[in-house]
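Structure below is query_7.pdb: PDB, C-alpha atoms.
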```pdb
ATOM      1  CA  MET A   1      88.760  90.729  89.837
ATOM      2  CA  ASN A   2      88.498  92.564  86.573
ATOM      3  CA  GLN A   3      90.925  95.200  85.561
ATOM      4  CA  THR A   4      91.320  97.419  82.563
ATOM      5  CA  CYS A   5      92.690  95.456  79.667
ATOM      6  CA  PRO A   6      96.402  96.226  79.388
ATOM      7  CA  ALA A   7      96.487  95.457  75.668
ATOM      8  CA  CYS A   8      93.962  98.066  74.531
ATOM      9  CA  GLN A   9      94.039 100.264  77.653
ATOM     10  CA  GLY A  10      90.306  99.768  78.052
ATOM     11  CA  ARG A  11      89.357 100.923  74.586
ATOM     12  CA  GLY A  12      88.148  97.480  73.496
ATOM     13  CA  ALA A  13      89.901  97.807  70.169
ATOM     14  CA  VAL A  14      93.422  97.908  68.862
ATOM     15  CA  ALA A  15      94.974  98.910  65.563
ATOM     16  CA  ASN A  16      95.660  96.143  63.107
ATOM     17  CA  ALA A  17      99.423  95.805  62.819
ATOM     18  CA  GLN A  18      99.281  95.470  59.037
ATOM     19  CA  THR A  19      96.454  97.727  57.952
ATOM     20  CA  GLY A  20      96.138 100.138  60.854
ATOM     21  CA  SER A  21      92.386  99.605  60.876
ATOM     22  CA  PRO A  22      90.716  99.218  64.261
ATOM     23  CA  GLN A  23      89.777  95.731  65.298
ATOM     24  CA  LYS A  24      88.412  94.093  68.398
ATOM     25  CA  CYS A  25      91.048  93.650  71.069
ATOM     26  CA  PRO A  26      92.275  90.061  70.974
ATOM     27  CA  LEU A  27      92.979  90.022  74.700
ATOM     28  CA  CYS A  28      89.716  91.248  76.211
ATOM     29  CA  LEU A  29      87.600  90.446  73.142
ATOM     30  CA  GLY A  30      86.239  93.967  73.167
ATOM     31  CA  THR A  31      84.933  93.866  76.702
ATOM     32  CA  THR A  32      87.644  96.338  77.849
ATOM     33  CA  GLN A  33      88.231  94.270  80.992
ATOM     34  CA  VAL A  34      90.353  91.248  81.762
ATOM     35  CA  SER A  35      90.364  89.136  84.848
ATOM     36  CA  LEU A  36      93.671  88.158  86.340
ATOM     37  CA  ASP A  37      92.329  86.224  89.309
ATOM     38  CA  LEU A  38      91.060  82.670  89.608
ATOM     39  CA  THR A  39      87.512  83.729  90.263
ATOM     40  CA  ASP A  40      85.575  82.132  87.441
ATOM     41  CA  GLN A  41      82.838  79.701  88.334
ATOM     42  CA  LEU A  42      82.288  76.583  86.302
ATOM     43  CA  PHE A  43      78.655  76.576  85.278
ATOM     44  CA  TRP A  44      76.152  74.570  83.243
ATOM     45  CA  TYR A  45      73.275  76.351  81.521
ATOM     46  CA  LEU A  46      70.679  73.797  80.584
ATOM     47  CA  ILE A  47      68.247  73.972  77.679
ATOM     48  CA  SER A  48      65.628  71.358  78.335
ATOM     49  CA  PRO A  49      62.655  71.327  75.965
ATOM     50  CA  ALA A  50      59.461  69.461  76.662
ATOM     51  CA  GLN A  51      59.652  65.889  75.460
ATOM     52  CA  LEU A  52      59.454  65.858  71.673
ATOM     53  CA  THR A  53      56.898  63.570  70.116
ATOM     54  CA  ALA A  54      57.850  61.396  67.154
ATOM     55  CA  ASN A  55      59.185  63.551  64.316
ATOM     56  CA  GLN A  56      57.973  66.725  66.028
ATOM     57  CA  GLN A  57      59.472  69.846  64.488
ATOM     58  CA  GLY A  58      60.222  73.317  65.762
ATOM     59  CA  VAL A  59      59.995  72.836  69.524
ATOM     60  CA  LEU A  60      61.265  76.022  71.138
ATOM     61  CA  ALA A  61      63.212  76.258  74.366
ATOM     62  CA  SER A  62      65.531  78.872  75.751
ATOM     63  CA  VAL A  63      67.858  79.766  78.546
ATOM     64  CA  THR A  64      68.588  83.197  79.949
ATOM     65  CA  THR A  65      71.922  83.794  81.571
ATOM     66  CA  ASP A  66      71.896  84.952  85.152
ATOM     67  CA  ASN A  67      72.347  88.576  86.042
ATOM     68  CA  ASP A  68      75.276  87.922  88.336
ATOM     69  CA  ALA A  69      77.971  87.391  85.737
ATOM     70  CA  ASP A  70      78.783  87.190  82.071
ATOM     71  CA  PHE A  71      79.217  83.673  80.821
ATOM     72  CA  GLN A  72      82.054  82.323  78.763
ATOM     73  CA  TRP A  73      80.750  79.418  76.716
ATOM     74  CA  ARG A  74      83.401  76.725  76.247
ATOM     75  CA  TRP A  75      81.729  73.327  75.782
ATOM     76  CA  ILE A  76      78.549  71.884  74.267
ATOM     77  CA  ILE A  77      77.176  68.725  75.831
ATOM     78  CA  SER A  78      73.886  66.995  75.234
ATOM     79  CA  SER A  79      72.049  63.862  76.178
ATOM     80  CA  GLN A  80      69.032  62.567  74.345
ATOM     81  CA  THR A  81      66.932  59.482  73.962
ATOM     82  CA  GLY A  82      66.950  59.669  70.167
ATOM     83  CA  LEU A  83      68.383  61.546  67.212
ATOM     84  CA  TYR A  84      67.546  65.211  66.945
ATOM     85  CA  SER A  85      68.568  68.398  65.190
ATOM     86  CA  VAL A  86      68.736  71.868  66.645
ATOM     87  CA  GLU A  87      69.076  75.488  65.645
ATOM     88  CA  LEU A  88      70.327  78.135  68.078
ATOM     89  CA  PHE A  89      69.587  81.861  68.126
ATOM     90  CA  ASP A  90      71.341  84.575  70.084
ATOM     91  CA  SER A  91      68.850  87.164  71.302
ATOM     92  CA  PHE A  92      71.661  89.542  72.229
ATOM     93  CA  ALA A  93      72.556  89.684  68.549
ATOM     94  CA  GLY A  94      69.015  90.395  67.385
ATOM     95  CA  ASN A  95      68.029  86.747  67.370
ATOM     96  CA  ALA A  96      70.757  86.036  64.866
ATOM     97  CA  PRO A  97      71.034  82.309  64.253
ATOM     98  CA  LEU A  98      74.278  80.599  65.104
ATOM     99  CA  MET A  99      73.839  78.220  62.184
ATOM    100  CA  THR A 100      72.461  78.221  58.664
ATOM    101  CA  GLY A 101      69.900  75.539  59.437
ATOM    102  CA  ALA A 102      69.087  72.758  61.818
ATOM    103  CA  ILE A 103      72.272  70.896  62.720
ATOM    104  CA  ASN A 104      72.135  67.255  63.709
ATOM    105  CA  GLY A 105      72.906  66.756  67.376
ATOM    106  CA  GLU A 106      75.740  64.365  66.579
ATOM    107  CA  ASN A 107      77.439  67.143  64.579
ATOM    108  CA  PHE A 108      76.915  69.779  67.208
ATOM    109  CA  ALA A 109      77.254  68.499  70.740
ATOM    110  CA  GLY A 110      79.389  65.968  72.537
ATOM    111  CA  THR A 111      79.053  64.187  75.832
ATOM    112  CA  ALA A 112      80.626  64.848  79.190
ATOM    113  CA  GLN A 113      83.234  62.238  78.277
ATOM    114  CA  LEU A 114      83.899  63.739  74.869
ATOM    115  CA  PRO A 115      82.500  67.247  74.935
ATOM    116  CA  PHE A 116      82.400  69.515  71.923
ATOM    117  CA  ARG A 117      84.887  72.240  72.691
ATOM    118  CA  MET A 118      84.312  75.685  71.265
ATOM    119  CA  PRO A 119      87.233  76.682  69.050
ATOM    120  CA  LYS A 120      87.313  79.970  70.902
ATOM    121  CA  PRO A 121      85.434  80.770  74.082
ATOM    122  CA  TYR A 122      82.286  82.678  73.202
ATOM    123  CA  PRO A 123      81.061  85.308  75.658
ATOM    124  CA  ILE A 124      77.352  85.336  76.426
ATOM    125  CA  TYR A 125      76.549  88.500  78.270
ATOM    126  CA  ARG A 126      74.496  88.472  81.439
ATOM    127  CA  THR A 127      70.684  88.326  81.095
ATOM    128  CA  SER A 128      70.874  87.535  77.406
ATOM    129  CA  THR A 129      68.877  84.656  76.010
ATOM    130  CA  ILE A 130      69.920  81.753  73.838
ATOM    131  CA  LYS A 131      66.956  80.209  72.053
ATOM    132  CA  ALA A 132      66.914  76.718  70.622
ATOM    133  CA  LYS A 133      64.573  75.121  68.122
ATOM    134  CA  PHE A 134      64.568  71.333  68.306
ATOM    135  CA  ASN A 135      63.435  68.764  65.750
ATOM    136  CA  ASP A 136      63.073  65.071  66.393
ATOM    137  CA  ARG A 137      64.678  62.713  63.886
ATOM    138  CA  SER A 138      64.149  59.471  65.736
ATOM    139  CA  GLY A 139      60.498  58.814  65.009
ATOM    140  CA  ALA A 140      59.883  58.178  68.683
ATOM    141  CA  PRO A 141      59.382  60.340  71.787
ATOM    142  CA  ASN A 142      62.621  62.137  72.502
ATOM    143  CA  THR A 143      63.855  63.697  75.734
ATOM    144  CA  ILE A 144      66.703  66.115  75.108
ATOM    145  CA  GLN A 145      68.960  68.012  77.447
ATOM    146  CA  LEU A 146      71.385  70.464  75.887
ATOM    147  CA  CYS A 147      74.030  71.966  78.152
ATOM    148  CA  LEU A 148      75.975  75.121  77.460
ATOM    149  CA  VAL A 149      78.963  74.695  79.734
ATOM    150  CA  GLY A 150      81.507  77.294  80.621
ATOM    151  CA  TYR A 151      82.501  79.808  83.230
ATOM    152  CA  LYS A 152      80.710  82.615  84.936
ATOM    153  CA  ILE A 153      83.294  85.319  84.656
ATOM    154  CA  ASP A 154      84.663  86.792  87.839
ATOM    155  CA  LYS A 155      81.924  85.226  89.934
ATOM    156  CA  LEU A 156      83.731  83.675  92.862
ATOM    157  CA  PRO A 157      84.951  85.757  95.776
ATOM    158  CA  LYS A 158      88.579  86.663  95.561
ATOM    159  CA  ALA A 159      90.839  84.645  97.816
ATOM    160  CA  SER A 160      92.431  86.798 100.450
TER     161      SER A 160
ATOM    162  CA  MET B   1     102.026  79.261  71.061
ATOM    163  CA  LEU B   2     100.667  82.755  71.089
ATOM    164  CA  GLN B   3     102.133  84.522  74.072
ATOM    165  CA  VAL B   4      99.841  86.820  75.964
ATOM    166  CA  PHE B   5     100.555  88.569  79.213
ATOM    167  CA  GLY B   6      97.079  88.246  80.651
ATOM    168  CA  VAL B   7      94.184  85.916  80.444
ATOM    169  CA  PRO B   8      91.178  87.122  78.451
ATOM    170  CA  VAL B   9      88.499  87.281  81.101
ATOM    171  CA  ASN B  10      89.050  83.629  81.772
ATOM    172  CA  PRO B  11      91.568  82.988  84.487
ATOM    173  CA  ILE B  12      91.467  79.235  84.464
ATOM    174  CA  PRO B  13      94.400  77.756  86.322
ATOM    175  CA  PRO B  14      97.169  76.815  83.911
ATOM    176  CA  ALA B  15      96.937  73.197  85.020
ATOM    177  CA  LEU B  16      93.383  73.126  83.780
ATOM    178  CA  TYR B  17      93.749  75.329  80.739
ATOM    179  CA  GLU B  18      92.487  73.538  77.677
ATOM    180  CA  ASP B  19      95.784  73.720  75.809
ATOM    181  CA  GLU B  20      97.498  71.983  78.661
ATOM    182  CA  TRP B  21      95.414  68.950  79.352
ATOM    183  CA  ASP B  22      92.699  67.512  77.179
ATOM    184  CA  ASP B  23      94.257  68.350  73.843
ATOM    185  CA  THR B  24      97.058  65.874  74.252
ATOM    186  CA  GLN B  25      94.999  62.990  73.008
ATOM    187  CA  ASP B  26      93.916  64.927  69.940
ATOM    188  CA  TRP B  27      96.996  66.772  68.828
ATOM    189  CA  PRO B  28     100.678  66.032  69.159
ATOM    190  CA  ASN B  29     102.495  68.994  70.624
ATOM    191  CA  ASP B  30     103.814  70.488  67.414
ATOM    192  CA  TRP B  31     100.422  70.267  65.753
ATOM    193  CA  ARG B  32      98.766  71.914  68.696
ATOM    194  CA  LEU B  33     101.223  74.778  68.656
ATOM    195  CA  GLU B  34     100.661  75.380  64.980
ATOM    196  CA  ARG B  35      96.932  75.454  65.488
ATOM    197  CA  ASP B  36      97.103  77.723  68.500
ATOM    198  CA  ASP B  37      99.331  80.178  66.709
ATOM    199  CA  ALA B  38      97.034  80.274  63.695
ATOM    200  CA  MET B  39      93.961  80.569  65.865
ATOM    201  CA  GLY B  40      95.546  83.432  67.725
ATOM    202  CA  ARG B  41      95.706  85.390  64.494
ATOM    203  CA  VAL B  42      92.007  84.955  63.785
ATOM    204  CA  MET B  43      90.166  87.837  65.383
ATOM    205  CA  ALA B  44      86.701  86.448  64.685
ATOM    206  CA  THR B  45      85.142  84.914  67.766
ATOM    207  CA  ARG B  46      81.518  84.174  66.955
ATOM    208  CA  PRO B  47      80.918  80.467  66.323
ATOM    209  CA  PHE B  48      78.835  79.654  63.307
ATOM    210  CA  TRP B  49      77.775  76.247  62.029
ATOM    211  CA  PHE B  50      76.931  76.017  58.349
ATOM    212  CA  LEU B  51      75.464  73.159  56.392
ATOM    213  CA  ILE B  52      77.772  72.213  53.548
ATOM    214  CA  TYR B  53      75.459  69.408  52.546
ATOM    215  CA  ASP B  54      72.197  68.182  54.027
ATOM    216  CA  GLY B  55      70.050  65.690  52.196
ATOM    217  CA  VAL B  56      68.951  62.142  51.534
ATOM    218  CA  ILE B  57      70.695  60.223  48.762
ATOM    219  CA  GLY B  58      69.417  57.048  47.172
ATOM    220  CA  ALA B  59      71.306  53.783  47.322
ATOM    221  CA  GLN B  60      74.842  54.264  45.956
ATOM    222  CA  GLN B  61      73.827  57.474  44.250
ATOM    223  CA  THR B  62      75.708  60.733  43.997
ATOM    224  CA  ASP B  63      74.506  64.224  44.811
ATOM    225  CA  ARG B  64      76.010  67.669  44.764
ATOM    226  CA  GLY B  65      75.629  70.513  47.198
ATOM    227  CA  GLN B  66      76.353  74.190  46.837
ATOM    228  CA  ILE B  67      76.217  76.980  49.380
ATOM    229  CA  THR B  68      77.109  80.638  49.120
ATOM    230  CA  VAL B  69      78.881  82.124  52.105
ATOM    231  CA  GLN B  70      76.988  85.194  53.312
ATOM    232  CA  GLU B  71      79.720  86.600  55.512
ATOM    233  CA  ASP B  72      83.471  86.245  55.844
ATOM    234  CA  THR B  73      84.111  83.051  57.745
ATOM    235  CA  TRP B  74      87.120  81.206  59.050
ATOM    236  CA  LEU B  75      86.513  77.493  58.659
ATOM    237  CA  ILE B  76      87.743  75.758  61.812
ATOM    238  CA  ALA B  77      86.357  72.234  61.842
ATOM    239  CA  LEU B  78      84.452  69.695  59.786
ATOM    240  CA  MET B  79      81.833  67.263  61.024
ATOM    241  CA  ALA B  80      79.362  64.921  59.423
ATOM    242  CA  SER B  81      76.745  62.341  60.176
ATOM    243  CA  SER B  82      75.411  59.447  58.161
ATOM    244  CA  GLN B  83      72.204  57.568  58.792
ATOM    245  CA  GLN B  84      73.684  54.337  57.447
ATOM    246  CA  ALA B  85      76.816  52.739  58.853
ATOM    247  CA  ALA B  86      78.265  52.283  55.376
ATOM    248  CA  GLY B  87      78.693  56.028  55.267
ATOM    249  CA  PHE B  88      79.597  58.108  52.265
ATOM    250  CA  ALA B  89      82.485  59.552  50.314
ATOM    251  CA  ALA B  90      82.850  63.239  49.667
ATOM    252  CA  GLN B  91      84.797  65.951  47.953
ATOM    253  CA  ILE B  92      84.684  69.654  48.768
ATOM    254  CA  PHE B  93      85.507  72.466  46.363
ATOM    255  CA  LEU B  94      85.957  76.194  46.569
ATOM    256  CA  PRO B  95      85.471  77.050  42.886
ATOM    257  CA  GLY B  96      85.920  80.762  43.434
ATOM    258  CA  GLU B  97      89.412  80.118  44.755
ATOM    259  CA  GLU B  98      89.963  77.342  42.206
ATOM    260  CA  THR B  99      90.594  75.065  45.133
ATOM    261  CA  ASN B 100      89.850  71.378  45.398
ATOM    262  CA  PHE B 101      90.395  70.019  48.855
ATOM    263  CA  GLN B 102      90.661  66.459  47.524
ATOM    264  CA  ASP B 103      91.709  64.879  44.245
ATOM    265  CA  ASP B 104      89.383  61.958  44.737
ATOM    266  CA  ASP B 105      86.389  60.928  46.751
ATOM    267  CA  VAL B 106      87.369  60.477  50.372
ATOM    268  CA  PRO B 107      85.403  58.218  52.750
ATOM    269  CA  ASN B 108      83.825  60.189  55.545
ATOM    270  CA  PRO B 109      85.828  58.560  58.378
ATOM    271  CA  ASP B 110      89.000  59.832  56.715
ATOM    272  CA  MET B 111      87.795  63.375  56.313
ATOM    273  CA  LEU B 112      85.166  64.376  58.808
ATOM    274  CA  GLY B 113      84.689  64.246  62.538
ATOM    275  CA  THR B 114      81.655  64.390  64.808
ATOM    276  CA  GLY B 115      80.401  66.635  67.551
ATOM    277  CA  GLN B 116      82.277  64.506  70.061
ATOM    278  CA  ARG B 117      85.482  64.608  68.066
ATOM    279  CA  PRO B 118      85.429  67.324  65.421
ATOM    280  CA  PHE B 119      88.059  67.278  62.709
ATOM    281  CA  TYR B 120      89.832  70.483  63.634
ATOM    282  CA  LEU B 121      91.883  72.018  60.857
ATOM    283  CA  LEU B 122      95.468  72.794  61.752
ATOM    284  CA  THR B 123      95.134  76.258  60.292
ATOM    285  CA  PRO B 124      91.821  78.010  59.779
ATOM    286  CA  GLN B 125      90.641  78.288  56.190
ATOM    287  CA  HIS B 126      89.397  81.735  55.199
ATOM    288  CA  ILE B 127      86.233  81.637  53.107
ATOM    289  CA  HIS B 128      85.346  85.023  51.680
ATOM    290  CA  VAL B 129      81.882  86.485  51.527
ATOM    291  CA  GLY B 130      80.188  85.428  48.316
ATOM    292  CA  ASP B 131      82.379  82.382  47.864
ATOM    293  CA  GLN B 132      80.609  79.232  46.901
ATOM    294  CA  LEU B 133      81.435  76.033  48.727
ATOM    295  CA  GLU B 134      80.520  73.008  46.669
ATOM    296  CA  SER B 135      80.393  69.365  47.642
ATOM    297  CA  ARG B 136      80.037  66.049  45.882
ATOM    298  CA  ILE B 137      78.622  63.279  48.036
ATOM    299  CA  ILE B 138      78.449  59.596  47.156
ATOM    300  CA  ASN B 139      76.235  57.382  49.254
ATOM    301  CA  LEU B 140      78.146  54.146  49.900
ATOM    302  CA  ALA B 141      75.173  52.382  51.443
ATOM    303  CA  THR B 142      72.891  50.033  49.561
ATOM    304  CA  SER B 143      69.879  51.886  50.855
ATOM    305  CA  SER B 144      68.910  55.542  51.001
ATOM    306  CA  ASN B 145      71.022  57.546  53.397
ATOM    307  CA  ALA B 146      70.428  60.833  55.239
ATOM    308  CA  ILE B 147      73.731  62.685  55.178
ATOM    309  CA  GLN B 148      74.699  65.954  56.759
ATOM    310  CA  LEU B 149      78.053  67.658  56.349
ATOM    311  CA  VAL B 150      78.687  70.593  58.650
ATOM    312  CA  GLY B 151      81.434  73.161  58.829
ATOM    313  CA  LEU B 152      82.183  75.093  61.989
ATOM    314  CA  GLY B 153      83.405  78.581  61.348
ATOM    315  CA  LEU B 154      84.255  81.733  63.193
ATOM    316  CA  ARG B 155      82.757  85.064  62.200
ATOM    317  CA  PRO B 156      83.289  88.573  63.492
ATOM    318  CA  ASP B 157      81.334  89.243  66.653
ATOM    319  CA  THR B 158      79.305  92.385  66.039
ATOM    320  CA  ARG B 159      77.597  92.492  69.402
ATOM    321  CA  LYS B 160      78.080  95.451  71.667
ATOM    322  CA  LYS B 161      77.982  94.840  75.371
ATOM    323  CA  ILE B 162      75.580  97.249  77.050
ATOM    324  CA  THR B 163      75.656  96.167  80.684
TER     325      THR B 163
END
```

Let me see whether you can do it: turn the structure in this file into structure tokens.
Amino acid sequence: MNQTCPACQGRGAVANAQTGSPQKCPLCLGTTQVSLDLTDQLFWYLISPAQLTANQQGVLASVTTDNDADFQWRWIISSQTGLYSVELFDSFAGNAPLMTGAINGENFAGTAQLPFRMPKPYPIYRTSTIKAKFNDRSGAPNTIQLCLVGYKIDKLPKAS
Amino acid sequence: MLQVFGVPVNPIPPALYEDEWDDTQDWPNDWRLERDDAMGRVMATRPFWFLIYDGVIGAQQTDRGQITVQEDTWLIALMASSQQAAGFAAQIFLPGEETNFQDDDVPNPDMLGTGQRPFYLLTPQHIHVGDQLESRIINLATSSNAIQLVGLGLRPDTRKKIT
């Protein structure tokens, strides 16, 4: 169950201890709420483009987060039948890219055994869309599944 | 470790919290604490991957890369891929800060991780807007080699939640 963030008292920002300038609250990350219950639901959002043909470039695919909860993105996992590169865009941030160019899959995503862990959890707000642009580097048909794994925040019913 | 009195919208049981379980194979305890403390002081939360070098280099040839950082970034991790198993050697420079990160060319297995196992820095490296990040890459293979060197950074999150 969410409650007002005790660090910023629900303002979403705090004063920098050194400069006094306002900055995003480090506890609630600006969302003004924190959850103190174990009610997050582990969840996989899957981006699954149509099979890429050999050396096909710019294949678009996207995933829209459900309306039932914000999503905290914590791992990147992919499986593929050949080498690929990908570029992600965050529609909630005006389609701002999350990278300067297409990043090779081996530099971007891990596997379930060795997942790529986000250095800090990244919140993806409900009903926002993450777009991906895939390029094949294998020279052969390529089936790619890219998983954004994390937690739906405050989704599970509270234990009584 | 940074002590907080709540959990930031992520109440994962302590037994499953990432600092408590899967890090042990990557970082000895004291390293992990240093990293966590430094990470706790970085307010930026938006992940951003930037290409430090991306190109194809001829057999045993050298190339240079240069990028200009468009926004303040905290460099968190380094990753790279090489088409050829022989790999490459690299140096990275921040000329604006008069910083060389290596005195000599370093083979990629000694310097760079992968998506499965990124080379996480112990303390984030602040790269200021407008700074140029330069690289020198030597292809160690006896054939042409597609090489990509990627930095993972954190930038300020400017989104505003509206729902």

Of the candidates A:Thr64, A:Arg74, A:Cys147, A:Ala15, which shows the shortest atom-to-atom distance to A:Tyr125, using all atoms listed in the file?
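Checking each candidate against A:Tyr125, we get A:Thr64 as the closest.
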
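Neighbouring residues of B:Val106 at 9 Å or closer, counting all atoms listed in the file and skipping chain neighbours under 3 positions away, are B:Phe88, B:Ala89, B:Ala90, B:Gln91, B:Gln102, B:Asp103, B:Pro109, B:Asp110, B:Met111.
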
Taking (62.4, 67.4, 71.9) in the file's coordinates, which residues come within 10 Å, counting only C-alpha atoms, written as an mmCIF file with C-alpha atoms, in the frame of the given file?
```
data_model
loop_
_atom_site.group_PDB
_atom_site.id
_atom_site.type_symbol
_atom_site.label_atom_id
_atom_site.label_comp_id
_atom_site.auth_asym_id
_atom_site.auth_seq_id
_atom_site.Cartn_x
_atom_site.Cartn_y
_atom_site.Cartn_z
ATOM 1 C CA SER A 48 65.628 71.358 78.335
ATOM 2 C CA PRO A 49 62.655 71.327 75.965
ATOM 3 C CA ALA A 50 59.461 69.461 76.662
ATOM 4 C CA GLN A 51 59.652 65.889 75.460
ATOM 5 C CA LEU A 52 59.454 65.858 71.673
ATOM 6 C CA THR A 53 56.898 63.570 70.116
ATOM 7 C CA ALA A 54 57.850 61.396 67.154
ATOM 8 C CA ASN A 55 59.185 63.551 64.316
ATOM 9 C CA GLN A 56 57.973 66.725 66.028
ATOM 10 C CA GLN A 57 59.472 69.846 64.488
ATOM 11 C CA GLY A 58 60.222 73.317 65.762
ATOM 12 C CA VAL A 59 59.995 72.836 69.524
ATOM 13 C CA LEU A 60 61.265 76.022 71.138
ATOM 14 C CA ALA A 61 63.212 76.258 74.366
ATOM 15 C CA GLN A 80 69.032 62.567 74.345
ATOM 16 C CA THR A 81 66.932 59.482 73.962
ATOM 17 C CA GLY A 82 66.950 59.669 70.167
ATOM 18 C CA LEU A 83 68.383 61.546 67.212
ATOM 19 C CA TYR A 84 67.546 65.211 66.945
ATOM 20 C CA SER A 85 68.568 68.398 65.190
ATOM 21 C CA VAL A 86 68.736 71.868 66.645
ATOM 22 C CA LYS A 133 64.573 75.121 68.122
ATOM 23 C CA PHE A 134 64.568 71.333 68.306
ATOM 24 C CA ASN A 135 63.435 68.764 65.750
ATOM 25 C CA ASP A 136 63.073 65.071 66.393
ATOM 26 C CA ARG A 137 64.678 62.713 63.886
ATOM 27 C CA PRO A 141 59.382 60.340 71.787
ATOM 28 C CA ASN A 142 62.621 62.137 72.502
ATOM 29 C CA THR A 143 63.855 63.697 75.734
ATOM 30 C CA ILE A 144 66.703 66.115 75.108
ATOM 31 C CA GLN A 145 68.960 68.012 77.447
#
```

Which of these, B:Phe50, B:Ile57, B:Thr114, B:Met43, has the shortest distance to A:Glu87 once you count all atoms listed in the file?
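Once distances to A:Glu87 are computed over all atoms listed in the file, the minimum belongs to B:Phe50.
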
Please provide the set of residues having any atom within 10 Å of B:Leu112, restricted to only C-alpha atoms, with same-chain residues fewer than 2 positions apart removed, written as a ChimeraX atom specification.
/B:77-81,90,106-110,114,117-120,149-151

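Ranking B:Glu71, B:Ile138, B:Gly115, B:Lys160 by their shortest atom-to-atom distance to chain A, with all atoms listed in the file included, puts B:Gly115 first.
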
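With only C-alpha atoms as the atoms that count, the residue of A:Lys155, A:Thr129, A:Ile103, A:Pro119 with the shortest distance to B:Trp74 is A:Pro119.
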
Using only C-alpha atoms, which residues of chain A come within 9 Å of chain B, and what is the closest atom pair for each, with the distance in Å to one decimal? Give it as a tab-separated table, sorted by chain and residue number.
```
residue	atom	partner	partner_atom	distance
A:Asn2	CA	B:Val9	CA	7.6
A:Cys5	CA	B:Gly6	CA	8.5
A:Pro6	CA	B:Gly6	CA	8.1
A:Ala7	CA	B:Phe5	CA	8.7
A:Gln23	CA	B:Met43	CA	7.9
A:Lys24	CA	B:Met43	CA	7.2
A:Cys25	CA	B:Met43	CA	8.2
A:Pro26	CA	B:Met43	CA	6.4
A:Leu27	CA	B:Pro8	CA	5.1
A:Cys28	CA	B:Pro8	CA	4.9
A:Leu29	CA	B:Pro8	CA	7.2
A:Gly30	CA	B:Lys160	CA	8.4
A:Thr31	CA	B:Lys161	CA	7.1
A:Gln33	CA	B:Val9	CA	7.0
A:Val34	CA	B:Val9	CA	4.4
A:Ser35	CA	B:Val9	CA	4.6
A:Leu36	CA	B:Pro11	CA	5.9
A:Asp37	CA	B:Pro11	CA	5.9
A:Leu38	CA	B:Pro11	CA	5.2
A:Thr39	CA	B:Pro11	CA	7.1
A:Asp40	CA	B:Pro11	CA	6.7
A:Gln72	CA	B:Asn10	CA	7.7
A:Ile76	CA	B:Gly115	CA	8.7
A:Ile77	CA	B:Gln116	CA	8.8
A:Phe92	CA	B:Arg159	CA	7.2
A:Ala93	CA	B:Arg159	CA	5.8
A:Pro97	CA	B:Phe48	CA	8.3
A:Leu98	CA	B:Phe48	CA	5.0
A:Met99	CA	B:Trp49	CA	4.4
A:Thr100	CA	B:Phe50	CA	5.0
A:Gly101	CA	B:Leu51	CA	6.8
A:Ala102	CA	B:Leu51	CA	8.4
A:Ile103	CA	B:Leu51	CA	7.4
A:Asn104	CA	B:Gln148	CA	7.5
A:Gly105	CA	B:Gly115	CA	7.5
A:Glu106	CA	B:Gly115	CA	5.3
A:Asn107	CA	B:Gly115	CA	4.2
A:Phe108	CA	B:Gly115	CA	4.7
A:Ala109	CA	B:Gly115	CA	4.9
A:Gly110	CA	B:Gln116	CA	4.1
A:Thr111	CA	B:Gln116	CA	6.6
A:Gln113	CA	B:Gln116	CA	8.6
A:Leu114	CA	B:Gln116	CA	5.1
A:Pro115	CA	B:Gln116	CA	5.6
A:Phe116	CA	B:Gln116	CA	5.3
A:Arg117	CA	B:Gln116	CA	8.6
A:Met118	CA	B:Pro47	CA	7.7
A:Pro119	CA	B:Ile76	CA	7.3
A:Lys120	CA	B:Thr45	CA	6.2
A:Pro121	CA	B:Thr45	CA	7.6
A:Tyr122	CA	B:Arg46	CA	6.5
A:Pro123	CA	B:Arg46	CA	8.8
A:Tyr125	CA	B:Lys161	CA	7.1
A:Arg126	CA	B:Thr163	CA	7.8
A:Tyr151	CA	B:Asn10	CA	7.7
A:Lys152	CA	B:Asn10	CA	9.0
A:Ile153	CA	B:Val9	CA	6.6
A:Asp154	CA	B:Val9	CA	7.8
```

Taking (71.2, 57.5, 52.1) in the file's own coordinates, collect the residues within 8 Å, counting only C-alpha atoms, and hand them back as a VMD selection string.
chain B and resid 56 to 60 82 to 84 139 141 143 to 147

Here atom CA of A:Lys131 and atom CA of A:Leu88 stand apart by 5.6 Å

List, as a VMD selection string, every residue that the PyMOL selection byres ((chain B and resi 94) around 9) selects in the file provided.
chain B and resid 92 to 93 95 to 101 127 131 to 135
